[in-house]
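Dumped data_18.txt below, it's compact mmCIF, C-alpha atoms:
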```
# COMPACT_ATOMS: atom_id res chain seq x y z
CA MET C 1 26.05 14.55 -28.41
CA LEU C 2 29.70 13.68 -29.10
CA GLU C 3 30.12 16.95 -30.95
CA LEU C 4 28.67 18.84 -28.01
CA LEU C 5 31.16 17.19 -25.65
CA GLN C 6 34.04 17.99 -28.00
CA ASN C 7 32.94 21.63 -28.15
CA LEU C 8 32.62 21.68 -24.39
CA LEU C 9 36.13 20.30 -23.98
CA ARG C 10 37.44 22.90 -26.42
CA TRP C 11 35.62 25.66 -24.51
CA LEU C 12 36.98 24.49 -21.17
CA THR C 13 40.56 24.10 -22.34
CA SER C 14 41.09 27.07 -24.65
CA GLY C 15 43.54 29.61 -23.23
CA ALA C 16 41.50 32.56 -24.51
CA GLN C 17 38.48 31.40 -22.53
CA TRP C 18 40.48 31.40 -19.29
CA SER C 19 41.99 34.90 -19.48
CA GLY C 20 40.59 38.41 -19.42
CA PRO C 21 37.80 40.05 -17.38
CA ASP C 22 35.19 37.60 -18.76
CA GLY C 23 37.58 34.66 -18.53
CA ILE C 24 37.00 31.53 -16.53
CA ALA C 25 39.75 32.43 -14.04
CA THR C 26 38.05 35.72 -13.13
CA ARG C 27 34.57 34.18 -12.99
CA LEU C 28 35.84 31.29 -10.87
CA LEU C 29 37.42 33.69 -8.37
CA GLU C 30 34.23 35.79 -8.22
CA HIS C 31 32.14 32.69 -7.64
CA LEU C 32 34.55 31.50 -4.96
CA GLN C 33 34.43 34.92 -3.29
CA TYR C 34 30.60 35.01 -3.16
CA SER C 35 30.39 31.44 -1.93
CA VAL C 36 33.12 31.57 0.72
CA LEU C 37 32.02 34.95 2.11
CA ALA C 38 28.35 33.87 2.26
CA THR C 39 29.23 30.56 3.95
CA LEU C 40 31.49 32.32 6.49
CA VAL C 41 28.84 34.93 7.34
CA ALA C 42 26.21 32.19 7.62
CA ALA C 43 28.52 30.15 9.88
CA ALA C 44 29.23 33.21 12.06
CA ILE C 45 25.47 33.63 12.57
CA ALA C 46 24.39 29.99 12.69
CA LEU C 47 27.10 28.34 14.80
CA PRO C 48 26.52 30.40 17.99
CA VAL C 49 22.74 30.01 17.61
CA GLY C 50 22.99 26.25 17.08
CA LEU C 51 25.44 25.82 19.98
CA LEU C 52 23.28 27.91 22.31
CA ILE C 53 20.10 26.01 21.44
CA GLY C 54 21.92 22.70 21.81
CA HIS C 55 23.57 23.65 25.11
CA THR C 56 20.51 25.10 26.81
CA GLY C 57 17.98 22.77 25.18
CA ARG C 58 15.78 25.83 24.68
CA GLY C 59 14.41 26.70 21.27
CA ALA C 60 14.79 23.16 19.90
CA PHE C 61 11.42 23.63 18.21
CA LEU C 62 12.85 26.68 16.43
CA ALA C 63 15.99 24.83 15.34
CA ILE C 64 14.03 21.94 13.87
CA ASN C 65 11.46 24.06 12.06
CA LEU C 66 13.98 26.60 10.82
CA SER C 67 15.43 24.03 8.45
CA GLY C 68 12.04 23.31 6.90
CA PHE C 69 11.39 27.01 6.52
CA GLY C 70 14.80 27.60 4.95
CA ARG C 71 14.24 24.84 2.42
CA ALA C 72 10.78 26.16 1.60
CA LEU C 73 11.99 29.70 0.88
CA PRO C 74 12.22 30.18 -2.91
CA THR C 75 15.70 31.64 -3.46
CA VAL C 76 14.83 33.27 -6.80
CA GLY C 77 11.91 35.06 -5.14
CA LEU C 78 14.08 36.22 -2.27
CA VAL C 79 16.81 37.51 -4.57
CA THR C 80 14.22 39.39 -6.66
CA LEU C 81 12.59 40.86 -3.58
CA VAL C 82 15.85 42.10 -2.03
CA PHE C 83 16.88 43.41 -5.45
CA LEU C 84 13.70 45.47 -5.77
CA ALA C 85 14.15 46.74 -2.20
CA SER C 86 17.86 47.58 -2.33
CA GLY C 87 18.55 48.39 -5.97
CA LEU C 88 21.68 47.34 -7.82
CA SER C 89 24.06 46.06 -5.15
CA MET C 90 25.52 42.81 -3.88
CA TRP C 91 22.92 42.70 -1.07
CA PRO C 92 20.40 40.45 -2.89
CA VAL C 93 23.11 37.88 -3.58
CA TYR C 94 24.54 37.74 -0.08
CA VAL C 95 21.18 37.95 1.73
CA SER C 96 19.81 35.03 -0.32
CA LEU C 97 22.90 32.86 0.03
CA VAL C 98 23.17 33.47 3.79
CA ALA C 99 19.43 32.78 4.20
CA LEU C 100 19.98 29.50 2.35
CA ALA C 101 22.96 28.42 4.46
CA VAL C 102 21.97 29.50 8.00
CA PRO C 103 19.14 26.95 8.55
CA VAL C 104 21.31 24.06 7.32
CA ILE C 105 24.15 24.95 9.72
CA VAL C 106 21.86 25.69 12.70
CA THR C 107 19.98 22.39 12.32
CA ASN C 108 23.11 20.27 11.98
CA THR C 109 24.86 22.05 14.87
CA TYR C 110 21.80 21.50 17.03
CA ALA C 111 21.55 17.85 15.95
CA GLY C 112 25.23 17.36 16.83
CA MET C 113 24.75 18.91 20.27
CA ALA C 114 21.55 16.93 20.89
CA ALA C 115 23.38 13.69 20.06
CA VAL C 116 25.90 14.21 22.89
CA ASP C 117 25.28 11.59 25.59
CA PRO C 118 23.61 13.35 28.57
CA GLU C 119 25.70 11.23 30.95
CA VAL C 120 28.90 12.64 29.48
CA ARG C 121 27.52 16.14 30.04
CA ASP C 122 26.54 15.30 33.62
CA ALA C 123 29.97 13.79 34.29
CA ALA C 124 31.65 16.99 33.08
CA ARG C 125 29.40 19.09 35.34
CA GLY C 126 30.02 16.71 38.22
CA GLN C 127 33.75 17.26 37.86
CA GLY C 128 33.11 20.93 38.51
CA MET C 129 33.35 22.26 34.96
CA ARG C 130 31.73 25.62 34.33
CA TRP C 131 29.08 25.88 31.59
CA TYR C 132 31.50 27.31 29.05
CA GLN C 133 34.03 24.55 29.81
CA VAL C 134 31.32 21.93 29.30
CA LEU C 135 30.33 23.64 26.04
CA PHE C 136 33.78 24.11 24.52
CA GLN C 137 35.73 21.19 25.97
CA VAL C 138 33.08 18.47 25.98
CA GLU C 139 30.01 19.18 23.85
CA LEU C 140 31.65 21.01 20.95
CA PRO C 141 34.32 18.36 20.22
CA LEU C 142 31.70 15.61 20.35
CA ALA C 143 29.29 17.53 18.11
CA LEU C 144 31.96 18.58 15.59
CA PRO C 145 31.48 15.77 13.03
CA LEU C 146 27.80 16.68 12.54
CA ILE C 147 28.61 20.39 12.59
CA MET C 148 31.14 19.79 9.80
CA THR C 149 28.51 17.84 7.85
CA GLY C 150 26.23 20.88 8.11
CA LEU C 151 28.98 23.22 6.91
CA ARG C 152 29.75 20.97 3.94
CA LEU C 153 26.10 20.68 2.96
CA ALA C 154 25.62 24.45 3.26
CA CYS C 155 28.78 25.11 1.24
CA VAL C 156 27.69 22.85 -1.65
CA GLN C 157 24.25 24.46 -1.76
CA VAL C 158 25.71 27.97 -1.65
CA VAL C 159 28.16 27.26 -4.50
CA ALA C 160 25.36 25.82 -6.66
CA THR C 161 23.04 28.73 -5.86
CA ALA C 162 25.64 31.52 -6.21
CA THR C 163 24.75 31.24 -9.90
CA ILE C 164 21.93 33.72 -9.14
CA ALA C 165 24.50 36.54 -8.82
CA ALA C 166 24.42 36.69 -12.61
CA TYR C 167 20.61 37.03 -12.53
CA VAL C 168 20.98 40.42 -10.80
CA SER C 169 23.79 41.38 -13.20
CA PHE C 170 26.86 40.42 -11.19
CA GLY C 171 29.62 37.97 -12.04
CA GLY C 172 30.53 34.47 -11.03
CA LEU C 173 30.13 31.29 -13.03
CA GLY C 174 26.40 31.96 -13.36
CA ARG C 175 27.36 34.50 -16.05
CA TYR C 176 28.08 31.63 -18.47
CA VAL C 177 24.77 29.96 -17.64
CA PHE C 178 22.65 33.10 -18.06
CA ASP C 179 24.60 34.54 -21.03
CA GLY C 180 24.57 31.14 -22.71
CA LEU C 181 20.83 30.95 -22.12
CA ALA C 182 20.30 34.39 -23.67
CA GLN C 183 22.57 33.61 -26.64
CA ARG C 184 21.19 30.06 -27.10
CA ASP C 185 24.77 28.86 -26.65
CA LEU C 186 24.44 25.43 -25.05
CA VAL C 187 28.20 24.86 -24.82
CA GLN C 188 28.58 27.95 -22.65
CA VAL C 189 25.68 26.89 -20.35
CA LEU C 190 27.15 23.41 -20.05
CA GLY C 191 30.62 24.85 -19.38
CA GLY C 192 29.28 27.07 -16.58
CA ALA C 193 27.38 24.18 -15.01
CA VAL C 194 30.40 21.88 -15.14
CA LEU C 195 32.62 24.53 -13.53
CA VAL C 196 30.08 25.14 -10.74
CA ALA C 197 29.84 21.41 -10.07
CA VAL C 198 33.63 21.04 -10.03
CA LEU C 199 34.02 23.99 -7.66
CA ALA C 200 31.34 22.62 -5.31
CA ILE C 201 32.91 19.16 -5.27
CA ALA C 202 36.40 20.62 -4.75
CA LEU C 203 35.25 22.72 -1.76
CA ASP C 204 33.35 19.75 -0.33
CA LEU C 205 36.44 17.54 -0.62
CA ALA C 206 38.60 20.26 0.97
CA LEU C 207 36.22 20.48 3.94
CA ALA C 208 36.13 16.69 4.13
CA GLY C 209 39.94 16.77 4.29
CA VAL C 210 39.85 19.27 7.16
CA GLN C 211 37.29 17.08 8.90
CA ARG C 212 39.47 13.99 8.47
CA LEU C 213 42.49 15.81 9.92
CA LEU C 214 40.44 16.90 12.92
CA PHE C 215 38.93 13.49 13.71
CA ARG C 216 41.36 10.84 12.71
CA ASN C 217 40.19 8.38 15.36
CA ARG C 218 36.44 8.74 15.16
CA PRO C 219 33.99 6.72 13.15
CA PRO C 220 31.97 8.76 10.65
CA ARG C 221 28.42 9.61 11.58
CA ALA C 222 25.24 9.80 9.56
CA HIS C 223 23.70 12.96 8.09
CA ALA C 224 21.11 15.04 9.86
CA HIS C 225 18.62 17.04 7.85
CA MET Z 226 9.12 49.10 -0.84
CA THR Z 227 5.35 49.41 -0.89
CA ILE Z 228 2.89 46.62 -1.41
CA ASP Z 229 -0.17 47.30 -3.53
CA TRP Z 230 -2.93 45.45 -1.65
CA GLY Z 231 -5.47 46.14 -4.37
CA TRP Z 232 -3.46 43.90 -6.69
CA PHE Z 233 -4.44 40.73 -4.80
CA PRO Z 234 -8.24 40.65 -5.35
CA ASP Z 235 -7.73 41.65 -9.02
CA HIS Z 236 -5.44 38.69 -9.63
CA ARG Z 237 -7.20 36.01 -7.62
CA SER Z 238 -7.77 33.67 -10.56
CA THR Z 239 -4.17 34.10 -11.79
CA LEU Z 240 -2.89 33.18 -8.32
CA VAL Z 241 -5.06 30.06 -8.20
CA THR Z 242 -3.92 28.98 -11.68
CA LEU Z 243 -0.25 29.55 -10.87
CA THR Z 244 -0.56 27.69 -7.56
CA LEU Z 245 -2.11 24.70 -9.34
CA ASP Z 246 0.62 24.92 -12.01
CA HIS Z 247 3.18 24.95 -9.24
CA LEU Z 248 1.75 21.81 -7.67
CA SER Z 249 1.39 19.97 -10.96
CA THR Z 250 5.15 20.38 -11.49
CA ALA Z 251 6.32 19.62 -7.94
CA VAL Z 252 4.11 16.64 -7.09
CA PRO Z 253 4.91 14.50 -10.18
CA ALA Z 254 8.61 15.29 -9.66
CA VAL Z 255 8.55 13.83 -6.15
CA LEU Z 256 6.52 10.80 -7.30
CA PHE Z 257 8.91 10.07 -10.17
CA GLY Z 258 11.84 10.65 -7.83
CA LEU Z 259 10.43 8.09 -5.43
CA LEU Z 260 9.74 5.63 -8.23
CA ILE Z 261 13.39 5.80 -9.34
CA ALA Z 262 14.92 6.10 -5.86
CA LEU Z 263 13.26 3.03 -4.33
CA PRO Z 264 14.77 0.37 -6.64
CA LEU Z 265 18.12 2.20 -6.73
CA ALA Z 266 18.17 2.34 -2.92
CA VAL Z 267 17.45 -1.38 -2.67
CA ILE Z 268 20.37 -2.03 -5.05
CA ALA Z 269 22.64 0.37 -3.11
CA HIS Z 270 21.62 -1.30 0.13
CA ARG Z 271 22.22 -4.88 -1.02
CA VAL Z 272 25.14 -4.52 -3.41
CA ARG Z 273 27.91 -2.88 -1.43
CA PRO Z 274 30.24 -2.01 -4.34
CA LEU Z 275 27.46 -0.05 -6.08
CA ARG Z 276 26.51 1.85 -2.95
CA GLY Z 277 29.29 4.44 -3.01
CA LEU Z 278 28.94 4.84 -6.77
CA LEU Z 279 25.18 5.52 -6.68
CA LEU Z 280 25.33 7.89 -3.69
CA GLY Z 281 28.37 9.68 -5.11
CA LEU Z 282 26.73 10.15 -8.52
CA SER Z 283 23.56 11.55 -6.97
CA ASN Z 284 25.63 13.96 -4.85
CA ILE Z 285 27.36 15.26 -7.98
CA LEU Z 286 23.96 15.88 -9.62
CA PHE Z 287 23.05 17.93 -6.55
CA THR Z 288 25.96 20.35 -7.16
CA ILE Z 289 24.78 21.38 -10.63
CA PRO Z 290 22.83 24.66 -10.47
CA SER Z 291 19.11 23.99 -10.99
CA ILE Z 292 18.79 26.59 -13.73
CA ALA Z 293 21.55 24.82 -15.66
CA ILE Z 294 19.78 21.46 -15.29
CA PHE Z 295 16.60 22.90 -16.80
CA VAL Z 296 18.48 24.49 -19.69
CA LEU Z 297 20.51 21.34 -20.36
CA LEU Z 298 17.33 19.29 -20.56
CA LEU Z 299 15.85 21.60 -23.20
CA PRO Z 300 17.42 19.83 -26.21
CA VAL Z 301 16.13 16.48 -24.90
CA THR Z 302 12.64 17.31 -23.65
CA GLY Z 303 11.92 20.59 -25.44
CA LEU Z 304 10.17 23.60 -23.96
CA THR Z 305 7.50 21.67 -22.07
CA ARG Z 306 6.43 20.99 -18.53
CA SER Z 307 8.28 17.69 -18.65
CA THR Z 308 11.57 19.64 -18.69
CA ALA Z 309 10.68 21.23 -15.36
CA ILE Z 310 9.46 17.93 -13.91
CA THR Z 311 12.56 16.02 -15.07
CA GLY Z 312 14.91 18.65 -13.62
CA LEU Z 313 13.16 18.57 -10.27
CA THR Z 314 13.06 14.77 -10.30
CA ILE Z 315 16.86 14.78 -10.52
CA TYR Z 316 17.03 17.01 -7.44
CA THR Z 317 14.54 15.06 -5.34
CA LEU Z 318 16.40 11.86 -6.26
CA VAL Z 319 19.43 12.91 -4.20
CA VAL Z 320 17.48 13.30 -0.96
CA LEU Z 321 15.17 10.34 -1.57
CA LEU Z 322 17.99 7.94 -2.44
CA ARG Z 323 20.09 8.88 0.61
CA ASN Z 324 17.17 8.62 3.02
CA THR Z 325 15.85 5.36 1.60
CA VAL Z 326 19.30 3.76 1.87
CA GLU Z 327 19.62 5.08 5.44
CA GLY Z 328 16.13 3.76 6.22
CA LEU Z 329 16.92 0.28 4.91
CA ASP Z 330 20.23 0.35 6.81
CA SER Z 331 18.36 1.14 10.03
CA VAL Z 332 16.45 -2.17 9.93
CA PRO Z 333 18.17 -4.50 12.44
CA THR Z 334 19.90 -7.51 10.86
CA LYS Z 335 18.16 -9.84 13.31
CA VAL Z 336 14.73 -8.73 12.14
CA ARG Z 337 15.73 -9.45 8.55
CA GLU Z 338 17.16 -12.84 9.54
CA ALA Z 339 14.00 -13.70 11.47
CA SER Z 340 11.93 -13.01 8.37
CA THR Z 341 14.22 -15.20 6.26
CA ALA Z 342 14.10 -17.94 8.90
CA MET Z 343 10.31 -17.92 8.70
CA GLY Z 344 10.67 -18.78 5.03
CA ALA Z 345 10.15 -15.37 3.43
CA ARG Z 346 11.88 -14.75 0.10
CA PRO Z 347 14.03 -11.60 -0.23
CA LEU Z 348 11.27 -9.72 -2.12
CA ARG Z 349 8.69 -10.58 0.52
CA THR Z 350 11.08 -9.58 3.34
CA LEU Z 351 11.64 -6.30 1.54
CA LEU Z 352 7.95 -5.50 1.03
CA THR Z 353 6.50 -6.72 4.33
CA VAL Z 354 9.37 -6.19 6.79
CA GLU Z 355 12.12 -3.87 5.60
CA LEU Z 356 10.09 -1.16 3.85
CA PRO Z 357 7.48 -0.75 6.63
CA LEU Z 358 10.25 -0.49 9.24
CA ALA Z 359 12.21 1.95 7.10
CA PHE Z 360 9.04 3.95 6.35
CA PRO Z 361 9.59 6.78 8.89
CA VAL Z 362 13.13 7.50 7.61
CA ILE Z 363 11.94 7.28 3.98
CA MET Z 364 9.07 9.66 4.78
CA ALA Z 365 11.52 12.12 6.33
CA GLY Z 366 13.23 12.13 2.93
CA VAL Z 367 9.93 12.53 1.09
CA ARG Z 368 9.09 15.55 3.26
CA VAL Z 369 12.46 17.21 2.58
CA ALA Z 370 12.22 16.40 -1.15
CA THR Z 371 8.67 17.78 -1.41
CA VAL Z 372 9.47 21.04 0.36
CA MET Z 373 12.63 21.42 -1.72
CA ALA Z 374 10.80 20.67 -4.99
CA ILE Z 375 8.09 23.23 -4.22
CA SER Z 376 10.67 25.94 -3.54
CA LEU Z 377 12.68 24.99 -6.66
CA VAL Z 378 9.74 25.05 -9.11
CA SER Z 379 10.20 28.84 -9.32
CA VAL Z 380 13.60 28.34 -10.97
CA ALA Z 381 11.81 26.80 -13.94
CA SER Z 382 10.21 30.19 -14.63
CA TYR Z 383 13.24 30.89 -16.85
CA ILE Z 384 11.90 28.27 -19.23
CA GLY Z 385 8.28 29.35 -18.71
CA TYR Z 386 7.06 26.59 -16.38
CA GLY Z 387 7.83 28.07 -13.00
CA GLY Z 388 4.31 28.17 -11.54
CA LEU Z 389 4.37 30.91 -8.90
CA GLY Z 390 7.90 31.73 -10.10
CA GLN Z 391 6.31 33.55 -13.05
CA LEU Z 392 5.36 36.20 -10.49
CA PHE Z 393 9.06 36.77 -9.70
CA THR Z 394 9.98 37.32 -13.34
CA ASP Z 395 6.94 39.56 -13.76
CA GLY Z 396 7.79 41.71 -10.74
CA PHE Z 397 11.48 41.82 -11.66
CA GLN Z 398 10.82 43.01 -15.21
CA ARG Z 399 8.29 45.67 -14.18
CA ASN Z 400 10.22 46.71 -11.05
CA TYR Z 401 7.04 45.98 -9.08
CA PRO Z 402 7.44 44.13 -5.75
CA THR Z 403 3.80 43.13 -5.08
CA PRO Z 404 3.65 39.98 -7.27
CA VAL Z 405 7.07 38.93 -5.94
CA VAL Z 406 5.83 39.11 -2.35
CA ALA Z 407 2.70 37.18 -3.36
CA GLY Z 408 4.81 34.51 -5.04
CA VAL Z 409 7.20 34.09 -2.10
CA VAL Z 410 4.38 33.89 0.46
CA LEU Z 411 2.24 31.49 -1.58
CA SER Z 412 5.22 29.24 -2.37
CA LEU Z 413 6.11 29.13 1.35
CA LEU Z 414 2.51 28.37 2.34
CA LEU Z 415 2.25 25.65 -0.28
CA ALA Z 416 5.41 23.98 1.05
CA LEU Z 417 4.20 24.15 4.65
CA VAL Z 418 0.74 22.75 3.78
CA ALA Z 419 2.29 19.92 1.71
CA ASP Z 420 4.58 19.09 4.64
CA ALA Z 421 1.63 18.99 7.03
CA VAL Z 422 -0.24 16.66 4.65
CA LEU Z 423 2.78 14.32 4.53
CA VAL Z 424 3.08 14.30 8.34
CA THR Z 425 -0.59 13.31 8.53
CA ILE Z 426 -0.10 10.54 5.96
CA GLN Z 427 2.86 9.24 7.92
CA TRP Z 428 0.85 9.30 11.16
CA LEU Z 429 -2.00 7.39 9.51
CA CYS Z 430 0.33 4.81 7.97
CA THR Z 431 2.31 3.92 11.11
CA PRO Z 432 -0.25 2.86 13.74
CA TRP Z 433 2.38 0.67 15.45
CA LEU Z 434 4.49 3.72 16.30
CA ARG Z 435 1.49 5.49 17.83
CA ARG Z 436 0.60 2.62 20.12
CA ARG Z 437 4.13 2.43 21.46
CA ALA Z 438 4.19 6.14 22.22
```
Encoding of this model in structure tokens:
Amino acid sequence: MLELLQNLLRWLTSGAQWSGPDGIATRLLEHLQYSVLATLVAAAIALPVGLLIGHTGRGAFLAINLSGFGRALPTVGLVTLVFLASGLSMWPVYVSLVALAVPVIVTNTYAGMAAVDPEVRDAARGQGMRWYQVLFQVELPLALPLIMTGLRLACVQVVATATIAAYVSFGGLGRYVFDGLAQRDLVQVLGGAVLVAVLAIALDLALAGVQRLLFRNRPPRAHAH
Amino acid sequence: MTIDWGWFPDHRSTLVTLTLDHLSTAVPAVLFGLLIALPLAVIAHRVRPLRGLLLGLSNILFTIPSIAIFVLLLPVTGLTRSTAITGLTIYTLVVLLRNTVEGLDSVPTKVREASTAMGARPLRTLLTVELPLAFPVIMAGVRVATVMAISLVSVASYIGYGGLGQLFTDGFQRNYPTPVVAGVVLSLLLALVADAVLVTIQWLCTPWLRRRA
């Protein structure tokens, strides 16, 4: 066990391992690129949907059940299916990651909007605000903490799952996991897993920092699933 | 992409076997997860300094890719079903722990104090007052954990215990979409049915909530 940890430390800290096209630096950037792009696309789809459902109160059933459906969808199956349909391209990776992240963001956005006190909404309307003013100046700021929670949760899941890019022969940190698996090289698998975990935690902390800057005066709120 | 409908009747028994395999990995994982999460949640709920540590640790476990967890367990548990179950247990633990702590937190202090005032010891308060009141929030966690575990079983197909996930590997290697579609659909159905069963159990176990509604 101790020897394994020493080997892992050596693997993680050796300069040769960090450089070159198979180096950690390249793989880390690839992984970051897949994860950030997928999360941004998912947010671009999910935020308007979640806000609309929350604002109108229509489709709440959809928003609640979507999250269950998203969790139930086996990502490996989806990636395989899109791969067989589209051939060798980045489509399987992005489709699967976006499909993973959208339900999480929609549900949390909806939960944030649903938690806004109806009296606050009525007061805003009573003051003569138009629907978009109510949405952007009243509901959205109040719902933002839960929306941020959803984005953080989605981001962590996407980073952990972006490993599958290597399954359909692309890069990212999953390369170490899958190559290590094929070569029976436990140090490499462990190294890949540690790097993925570190990246996920780093991104989560960065988003938490953004959240803290945005809401310095508000108490934190609980998770929604 | 064409689906070969004739494949389904020919492979009926395989599908049944794989579905049962799938369940016999996911269900024990959730049960073990619950068994570990309950005492940990009680500790996290009562001992404030340990709370952040326990929740933080479980969140870190959640960020490790599931395939890596399975592979890392191999030297410890070997190439057996217990590797798949242990890996999934670690994942369900995150959701179960967080929800159980939230559930215990949601019990009003006054209710707890009333129970103590009536002479109940902490263990009795926990079993007869706190846990029943926290039950709906805990069950919400159990539902999420179960659905998640069922969808994650497929990942264990890399180590040969993926239940319906074997169909993904099979279709991928032969460039043949039909088993993949079958696997995705059956895995989804299994998750939805399991969720419905849990909702029913929850409904049956909380008669006091029904009367109020």
- Work out how far apart CA of Ala200 in chain C and CA of Thr161 in chain C are and give it in Å to one decimal.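 Rounded to one decimal, the two atoms are 10.3 Å apart.
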- Message: Quick check, in Å to one decimal: how far apart do CA of Pro74 in chain C and CA of Phe233 in chain Z lie?
- Response: 19.8 Å
- Once you count all atoms listed in the file, which residues of chain C turn out to be within 10 Å of chain Z? Could you give them as JSON, numbers by chain? {"C": [67, 68, 69, 70, 71, 72, 73, 74, 75, 76, 77, 78, 79, 80, 81, 82, 83, 84, 85, 86, 87, 156, 157, 158, 159, 160, 161, 162, 163, 164, 168, 174, 176, 177, 178, 180, 181, 184, 186, 187, 189, 190, 191, 192, 193, 194, 195, 196, 197, 198, 199, 200, 201, 222, 223, 225]}
- Identify, on the basis of only C-alpha atoms, every residue whose closest approach to Leu207 in chain C does not exceed 12 Å; exclude the query and any residue fewer than 3 positions from it along the same chain; express the result as a PyMOL selection string. chain C and resi 36+145+147-156+200-204+210-214
- Item | Proximity to Leu173 in chain C - best of C:Pro118, C:His31, C:Leu12, C:Glu3, only C-alpha atoms |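 Of the candidates, the smallest distance to Leu173 in chain C is held by C:His31.
Counting only C-alpha atoms, Ala269 in chain Z has the following residues at most 12 Å away, ignoring those fewer than 6 positions along the same chain: Z:Ala262, Z:Leu263, Z:Leu275, Z:Arg276, Z:Gly277, Z:Leu278, Z:Leu279, Z:Leu280, Z:Gly281, Z:Leu282, Z:Ser283, Z:Leu322, Z:Arg323, Z:Asn324, Z:Thr325, Z:Val326, Z:Glu327, Z:Gly328, Z:Leu329, Z:Asp330.
Every protein or nucleic acid residue with an atom no more than 12 Å from Leu135 in chain C, counting all atoms listed in the file and leaving out same-chain residues fewer than 4 positions away, appears here: Pro48, Gly50, Leu51, Leu52, Ile53, Gly54, His55, Thr56, Met113, Val116, Val120, Arg121, Asp122, Ala124, Arg125, Met129, Arg130, Trp131, Glu139, Leu140, Pro141, Leu142, Ala143 and Leu144 of chain C.
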- Query: Suppose you want the space between CA of Arg10 in chain C and CA of Phe295 in chain Z; what is it in Å?
  - Reply: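 Computing the Euclidean distance for CA of Arg10 in chain C and CA of Phe295 in chain Z yields 23.0 Å.
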Distance query Ile426 in chain Z at most 12 Å, only C-alpha atoms, self and fewer than 4 positions along chain excluded, as a short mmCIF file (atom, residue, chain, number, x, y, z; two decimals) with C-alpha atoms, in the coordinates of the input:
```cif
data_model
loop_
_atom_site.label_atom_id
_atom_site.label_comp_id
_atom_site.auth_asym_id
_atom_site.auth_seq_id
_atom_site.Cartn_x
_atom_site.Cartn_y
_atom_site.Cartn_z
CA PHE Z 360 9.04 3.95 6.35
CA PRO Z 361 9.59 6.78 8.89
CA MET Z 364 9.07 9.66 4.78
CA ALA Z 365 11.52 12.12 6.33
CA VAL Z 367 9.93 12.53 1.09
CA ARG Z 368 9.09 15.55 3.26
CA ALA Z 419 2.29 19.92 1.71
CA ASP Z 420 4.58 19.09 4.64
CA ALA Z 421 1.63 18.99 7.03
CA VAL Z 422 -0.24 16.66 4.65
CA CYS Z 430 0.33 4.81 7.97
CA THR Z 431 2.31 3.92 11.11
CA PRO Z 432 -0.25 2.86 13.74
#
```
